[in-house]
>>> print(open('coords.tsv').read())   # TSV, C-alpha atoms
chain	number	residue	atom	x	y	z
A	1	VAL	CA	0.34	-0.30	-31.70
A	2	SER	CA	-3.08	-1.79	-32.07
A	3	ALA	CA	-5.95	0.51	-32.97
A	4	GLU	CA	-8.15	-1.41	-30.54
A	5	ALA	CA	-7.66	-1.53	-26.77
A	6	ASN	CA	-9.99	-3.18	-24.29
A	7	GLY	CA	-12.61	-3.68	-26.99
A	8	THR	CA	-12.70	0.01	-27.99
A	9	ASP	CA	-11.58	1.40	-31.32
A	10	ILE	CA	-9.10	4.10	-30.30
A	11	SER	CA	-7.88	5.02	-33.78
A	12	THR	CA	-10.51	7.75	-34.15
A	13	MET	CA	-10.06	9.18	-30.64
A	14	PRO	CA	-7.52	11.82	-29.74
A	15	HIS	CA	-4.66	10.49	-27.61
A	16	MET	CA	-5.82	10.96	-24.02
A	17	PHE	CA	-3.69	10.06	-21.05
A	18	LEU	CA	-3.14	10.75	-17.37
A	19	HIS	CA	0.21	10.54	-15.61
A	20	ALA	CA	0.31	10.46	-11.81
A	21	ARG	CA	3.51	11.13	-9.86
A	22	PHE	CA	3.94	10.56	-6.12
A	23	GLU	CA	6.98	11.84	-4.24
A	24	LEU	CA	6.96	10.33	-0.78
A	25	PRO	CA	9.63	10.52	1.90
A	26	GLN	CA	10.70	7.10	3.09
A	27	PRO	CA	12.32	6.81	6.54
A	28	ALA	CA	15.85	5.43	6.72
A	29	ALA	CA	14.52	2.32	8.51
A	30	SER	CA	12.54	1.31	5.46
A	31	VAL	CA	14.92	2.37	2.66
A	32	GLY	CA	15.40	-0.49	0.28
A	33	SER	CA	11.92	-1.85	0.82
A	34	ASN	CA	10.28	-2.49	-2.51
A	35	ASP	CA	6.74	-3.26	-1.42
A	36	LEU	CA	5.25	0.05	-2.61
A	37	HIS	CA	5.96	-0.31	-6.30
A	38	SER	CA	3.11	0.55	-8.58
A	39	ASP	CA	1.77	-2.05	-10.99
A	40	SER	CA	1.13	0.58	-13.64
A	41	GLY	CA	4.27	2.65	-13.40
A	42	GLU	CA	7.86	2.90	-12.30
A	43	ASN	CA	9.73	3.87	-9.17
A	44	ASP	CA	12.88	5.89	-8.53
A	45	SER	CA	14.63	6.68	-5.27
A	46	ASN	CA	16.58	9.79	-4.37
A	47	SER	CA	18.46	10.18	-1.09
A	48	ASP	CA	18.33	13.37	0.91
A	49	GLN	CA	20.76	14.56	3.58
A	50	GLY	CA	18.62	13.42	6.51
A	51	GLY	CA	19.21	9.69	6.00
A	52	SER	CA	15.86	9.08	4.38
A	53	SER	CA	15.06	8.85	0.72
A	54	ILE	CA	12.35	10.13	-1.56
A	55	VAL	CA	10.48	7.43	-3.44
A	56	ILE	CA	9.07	8.68	-6.71
A	57	THR	CA	6.31	6.54	-8.17
A	58	LYS	CA	4.94	7.26	-11.62
A	59	GLN	CA	1.72	5.77	-12.92
A	60	TYR	CA	0.54	5.97	-16.53
A	61	PHE	CA	-3.03	5.61	-17.76
A	62	ASP	CA	-4.33	5.75	-21.32
A	63	ALA	CA	-6.65	3.92	-23.72
A	64	THR	CA	-4.27	0.94	-23.92
A	65	ASN	CA	-4.57	0.07	-20.21
A	66	CYS	CA	-7.96	1.54	-19.19
A	67	LYS	CA	-11.46	0.48	-20.12
A	68	THR	CA	-13.98	3.03	-21.30
A	69	ALA	CA	-16.59	3.84	-18.68
A	70	VAL	CA	-20.15	2.59	-18.87
A	71	LEU	CA	-22.34	5.62	-18.24
A	72	GLY	CA	-25.70	3.92	-18.08
A	73	LEU	CA	-26.75	0.62	-16.61
A	74	PRO	CA	-24.92	-2.55	-17.66
A	75	ASP	CA	-26.64	-4.72	-20.28
A	76	GLY	CA	-29.56	-6.66	-18.86
A	77	VAL	CA	-30.03	-4.48	-15.76
A	78	GLU	CA	-33.47	-2.92	-15.46
A	79	PRO	CA	-33.93	0.61	-14.07
A	80	ILE	CA	-35.19	0.66	-10.48
A	81	LYS	CA	-36.08	3.45	-8.09
A	82	PRO	CA	-33.13	3.89	-5.70
A	83	GLU	CA	-33.41	3.81	-1.94
A	84	PRO	CA	-33.45	7.21	-0.18
A	85	GLY	CA	-29.86	8.46	0.17
A	86	ASP	CA	-28.55	6.29	-2.69
A	87	TYR	CA	-27.14	8.63	-5.32
A	88	SER	CA	-25.71	6.06	-7.72
A	89	TYR	CA	-27.11	5.92	-11.25
A	90	SER	CA	-30.25	3.78	-11.24
A	91	GLY	CA	-31.77	4.59	-14.61
A	92	MET	CA	-34.96	5.75	-12.91
A	93	HIS	CA	-36.38	9.16	-12.05
A	94	ASP	CA	-39.38	9.91	-9.85
A	95	GLN	CA	-41.60	10.03	-12.94
A	96	GLY	CA	-40.23	6.85	-14.56
A	97	PRO	CA	-37.25	5.47	-16.49
A	98	LEU	CA	-34.58	7.86	-17.78
A	99	PRO	CA	-33.55	7.78	-21.44
A	100	THR	CA	-30.50	5.61	-22.09
A	101	PRO	CA	-27.34	7.77	-22.00
A	102	LYS	CA	-25.09	7.93	-25.05
A	103	GLU	CA	-22.30	5.37	-24.64
A	104	GLY	CA	-18.84	5.54	-26.16
A	105	GLY	CA	-16.87	8.52	-27.33
A	106	GLU	CA	-14.22	10.71	-25.76
A	107	PHE	CA	-15.96	11.39	-22.47
A	108	THR	CA	-16.39	7.71	-21.62
A	109	GLN	CA	-12.66	7.23	-22.28
A	110	ILE	CA	-11.77	10.21	-20.05
A	111	ILE	CA	-14.04	8.90	-17.28
A	112	GLY	CA	-12.48	5.43	-17.62
A	113	ILE	CA	-8.92	6.82	-17.39
A	114	VAL	CA	-9.73	9.01	-14.37
A	115	SER	CA	-11.54	6.13	-12.63
A	116	ALA	CA	-8.58	3.78	-13.18
A	117	ALA	CA	-6.15	6.45	-11.95
A	118	LYS	CA	-8.24	7.07	-8.81
A	119	LYS	CA	-8.46	3.36	-8.04
A	120	ALA	CA	-4.71	2.84	-8.52
A	121	SER	CA	-3.88	5.95	-6.47
A	122	ASP	CA	-6.20	4.85	-3.65
A	123	GLU	CA	-4.60	1.39	-3.58
A	124	TYR	CA	-1.07	2.85	-3.63
A	125	LEU	CA	-1.73	5.41	-0.90
A	126	THR	CA	-3.48	2.79	1.26
A	127	LYS	CA	-0.30	0.69	1.04
A	128	VAL	CA	1.75	3.74	2.08
A	129	ILE	CA	-0.52	4.41	5.07
A	130	GLU	CA	-0.51	0.76	6.17
A	131	LYS	CA	3.28	0.61	5.89
A	132	GLU	CA	3.64	3.78	8.00
A	133	LYS	CA	1.24	2.36	10.62
A	134	ALA	CA	3.32	-0.84	10.77
A	135	ILE	CA	6.54	1.18	11.25
A	136	VAL	CA	4.98	3.23	14.06
A	137	ALA	CA	3.55	0.09	15.70
A	138	SER	CA	6.92	-1.69	15.57
A	139	LYS	CA	8.62	1.34	17.14
A	140	MET	CA	5.96	1.40	19.88
A	141	ASN	CA	6.54	-2.31	20.57
A	142	VAL	CA	10.27	-1.73	20.89
A	143	LYS	CA	9.71	1.07	23.42
A	144	GLY	CA	7.82	-1.13	25.87
A	145	GLY	CA	4.49	-2.08	24.41
A	146	VAL	CA	1.72	-0.63	22.37
A	147	GLY	CA	-0.23	2.15	24.06
A	148	GLN	CA	2.01	2.29	27.12
A	149	GLN	CA	3.66	5.64	26.61
A	150	LYS	CA	4.85	7.47	29.69
A	151	ARG	CA	3.16	10.74	30.52
A	152	LYS	CA	5.18	13.84	31.19
A	153	ARG	CA	4.48	15.56	34.48
A	154	ASN	CA	4.32	19.32	34.58
>>> encode(input="coords.tsv", output="C-alpha coordinates")
Amino acid sequence: VSAEANGTDISTMPHMFLHARFELPQPAASVGSNDLHSDSGENDSNSDQGGSSIVITKQYFDATNCKTAVLGLPDGVEPIKPEPGDYSYSGMHDQGPLPTPKEGGEFTQIIGIVSAAKKASDEYLTKVIEKEKAIVASKMNVKGGVGQQKRKRN
(Lines of atoms letter the chains of each structure in order from A and count residues from 1; the text may use other names and numbers.)
(Lines give C-alpha, C1' and ligand atoms only; values in the text may rest on other atoms or scores of the structure.)
Protein backbone atom coordinates (compact mmCIF):
# COMPACT_ATOMS: atom_id res chain seq x y z
CA VAL A 1 0.00 0.00 0.00
CA SER A 2 1.34 3.36 -0.98
CA ALA A 3 1.98 5.90 1.75
CA GLU A 4 0.62 8.60 -0.55
CA ALA A 5 -2.97 8.82 -1.77
CA ASN A 6 -4.44 11.64 -3.82
CA GLY A 7 -1.33 13.75 -3.28
CA THR A 8 -1.46 13.48 0.53
CA ASP A 9 1.09 11.69 2.69
CA ILE A 10 -1.08 9.32 4.73
CA SER A 11 1.73 7.44 6.47
CA THR A 12 1.71 9.83 9.43
CA MET A 13 -2.09 9.96 9.77
CA PRO A 14 -4.13 7.52 11.79
CA HIS A 15 -6.21 5.16 9.64
CA MET A 16 -9.54 6.94 9.19
CA PHE A 17 -12.42 5.44 7.28
CA LEU A 18 -16.18 5.55 6.87
CA HIS A 19 -18.32 2.59 5.84
CA ALA A 20 -21.90 3.20 4.68
CA ARG A 21 -24.45 0.39 4.46
CA PHE A 22 -27.88 0.68 2.82
CA GLU A 23 -30.52 -2.02 3.22
CA LEU A 24 -33.33 -1.28 0.80
CA PRO A 25 -36.35 -3.42 -0.04
CA GLN A 26 -36.63 -4.09 -3.74
CA PRO A 27 -40.06 -5.03 -5.14
CA ALA A 28 -40.40 -8.40 -6.86
CA ALA A 29 -40.96 -6.62 -10.20
CA SER A 30 -37.46 -5.18 -10.11
CA VAL A 31 -35.53 -8.09 -8.55
CA GLY A 32 -32.52 -8.87 -10.66
CA SER A 33 -32.06 -5.29 -11.77
CA ASN A 34 -28.47 -4.27 -11.27
CA ASP A 35 -28.69 -0.55 -11.97
CA LEU A 36 -28.30 0.54 -8.33
CA HIS A 37 -24.83 -0.82 -7.70
CA SER A 38 -22.47 1.51 -5.97
CA ASP A 39 -19.22 2.51 -7.63
CA SER A 40 -17.40 2.52 -4.32
CA GLY A 41 -18.74 -0.61 -2.71
CA GLU A 42 -20.44 -3.95 -3.14
CA ASN A 43 -23.98 -5.25 -3.28
CA ASP A 44 -25.69 -8.32 -1.84
CA SER A 45 -29.28 -9.48 -2.17
CA ASN A 46 -31.36 -11.37 0.36
CA SER A 47 -34.86 -12.62 -0.38
CA ASP A 48 -37.67 -12.27 2.11
CA GLN A 49 -40.93 -14.23 2.26
CA GLY A 50 -43.01 -11.52 0.56
CA GLY A 51 -41.52 -12.03 -2.92
CA SER A 52 -39.27 -9.01 -2.71
CA SER A 53 -35.63 -8.89 -1.83
CA ILE A 54 -33.42 -6.70 0.30
CA VAL A 55 -30.55 -5.09 -1.57
CA ILE A 56 -27.60 -4.37 0.69
CA THR A 57 -25.15 -1.83 -0.68
CA LYS A 58 -21.89 -1.16 1.12
CA GLN A 59 -19.70 1.84 0.38
CA TYR A 60 -16.16 2.31 1.70
CA PHE A 61 -14.32 5.61 2.06
CA ASP A 62 -10.79 6.22 3.31
CA ALA A 63 -7.62 8.14 2.47
CA THR A 64 -6.94 5.91 -0.55
CA ASN A 65 -10.13 6.92 -2.39
CA CYS A 66 -10.97 10.37 -0.95
CA LYS A 67 -9.21 13.69 -1.35
CA THR A 68 -8.44 15.82 1.66
CA ALA A 69 -10.71 18.83 1.95
CA VAL A 70 -9.59 22.35 1.16
CA LEU A 71 -10.71 24.47 4.10
CA GLY A 72 -9.81 27.88 2.75
CA LEU A 73 -10.07 29.33 -0.71
CA PRO A 74 -8.44 27.49 -3.61
CA ASP A 75 -5.05 28.80 -4.78
CA GLY A 76 -5.34 32.02 -6.74
CA VAL A 77 -8.83 32.95 -5.50
CA GLU A 78 -9.01 36.31 -3.75
CA PRO A 79 -11.28 36.86 -0.72
CA ILE A 80 -14.47 38.75 -1.56
CA LYS A 81 -17.39 39.93 0.52
CA PRO A 82 -20.25 37.46 -0.02
CA GLU A 83 -23.73 38.44 -1.13
CA PRO A 84 -26.38 38.64 1.62
CA GLY A 85 -27.66 35.12 2.37
CA ASP A 86 -24.55 33.41 0.97
CA TYR A 87 -22.99 31.43 3.81
CA SER A 88 -20.20 29.70 1.89
CA TYR A 89 -16.61 30.43 2.88
CA SER A 90 -15.48 33.61 1.14
CA GLY A 91 -12.29 34.45 3.02
CA MET A 92 -13.71 37.84 3.96
CA HIS A 93 -15.29 39.23 7.11
CA ASP A 94 -17.09 42.55 7.50
CA GLN A 95 -13.86 44.16 8.70
CA GLY A 96 -11.62 42.66 5.99
CA PRO A 97 -9.89 39.44 4.92
CA LEU A 98 -9.82 36.48 7.31
CA PRO A 99 -6.51 34.79 8.15
CA THR A 100 -5.76 31.78 5.97
CA PRO A 101 -7.00 28.59 7.69
CA LYS A 102 -4.53 25.81 8.48
CA GLU A 103 -4.63 23.27 5.65
CA GLY A 104 -3.81 19.58 5.90
CA GLY A 105 -3.91 17.29 8.88
CA GLU A 106 -6.46 14.88 10.27
CA PHE A 107 -9.47 17.16 10.17
CA THR A 108 -9.12 17.91 6.45
CA GLN A 109 -8.97 14.15 5.82
CA ILE A 110 -12.09 13.55 7.94
CA ILE A 111 -13.94 16.35 6.13
CA GLY A 112 -12.85 14.92 2.77
CA ILE A 113 -14.06 11.41 3.68
CA VAL A 114 -17.42 12.65 5.00
CA SER A 115 -17.92 14.88 1.94
CA ALA A 116 -17.19 11.99 -0.44
CA ALA A 117 -19.53 9.70 1.53
CA LYS A 118 -22.32 12.31 1.44
CA LYS A 119 -21.92 12.84 -2.30
CA ALA A 120 -21.93 9.09 -3.03
CA SER A 121 -24.91 8.52 -0.72
CA ASP A 122 -26.87 11.36 -2.33
CA GLU A 123 -26.18 9.97 -5.81
CA TYR A 124 -27.13 6.43 -4.74
CA LEU A 125 -30.35 7.46 -3.00
CA THR A 126 -31.32 9.69 -5.94
CA LYS A 127 -31.02 6.63 -8.20
CA VAL A 128 -33.23 4.67 -5.78
CA ILE A 129 -35.88 7.42 -5.76
CA GLU A 130 -35.84 7.78 -9.56
CA LYS A 131 -36.15 4.01 -9.99
CA GLU A 132 -39.13 3.90 -7.60
CA LYS A 133 -40.78 6.80 -9.45
CA ALA A 134 -40.32 4.94 -12.75
CA ILE A 135 -41.89 1.78 -11.28
CA VAL A 136 -44.89 3.73 -9.96
CA ALA A 137 -45.28 5.58 -13.28
CA SER A 138 -45.18 2.34 -15.26
CA LYS A 139 -47.83 0.82 -12.98
CA MET A 140 -49.99 3.93 -13.44
CA ASN A 141 -49.65 3.66 -17.23
CA VAL A 142 -50.73 0.03 -17.13
CA LYS A 143 -53.85 0.92 -15.11
CA GLY A 144 -55.20 3.33 -17.72
CA GLY A 145 -52.99 6.37 -17.89
CA VAL A 146 -51.04 8.65 -15.65
CA GLY A 147 -53.14 10.74 -13.29
CA GLN A 148 -56.43 9.10 -14.24
CA GLN A 149 -57.20 7.23 -11.05
CA LYS A 150 -60.83 6.55 -10.29
CA ARG A 151 -62.31 8.21 -7.23
CA LYS A 152 -64.17 6.21 -4.66
CA ARG A 153 -67.66 7.42 -3.88
CA ASN A 154 -68.84 7.42 -0.30
>>> closest_residue(input="coords.tsv", among="A:Val136, A:Ile56, A:Ala20, A:Ile110", to="Leu71 of chain A", atoms="all atoms listed in the file")
A:Ile110
>>> closest_residue(input="coords.tsv", among="A:Thr100, A:Ser53, A:Gln59, A:Gln26", to="Ser121 of chain A", atoms="only C-alpha atoms")
A:Gln59
>>> atom_distance(input="coords.tsv", atom1="atom CA of Pro84 of chain A", atom2="atom CA of Thr68 of chain A")
29.0 Å
>>> atom_distance(input="coords.tsv", atom1="atom CA of Ser115 of chain A", atom2="atom CA of Tyr89 of chain A")
15.6 Å
>>> atom_distance(input="coords.tsv", atom1="atom CA of Gln109 of chain A", atom2="atom CA of Phe17 of chain A")
9.5 Å
>>> residues_around(input="coords.tsv", residues="Glu23 of chain A", least_positions_apart="6", cutoff="9 Å", atoms="only C-alpha atoms", output="list in words")
Ile54, Val55, Ile56, Thr57 and Lys58 of chain A
>>> closest_residue(input="coords.tsv", among="A:Ile111, A:Leu125, A:Leu73, A:Leu24", to="Leu98 of chain A", atoms="all atoms listed in the file")
A:Leu73
>>> closest_residue(input="coords.tsv", among="A:Ala134, A:Met92, A:Leu18, A:Ile80", to="Thr64 of chain A", atoms="only C-alpha atoms")
A:Leu18
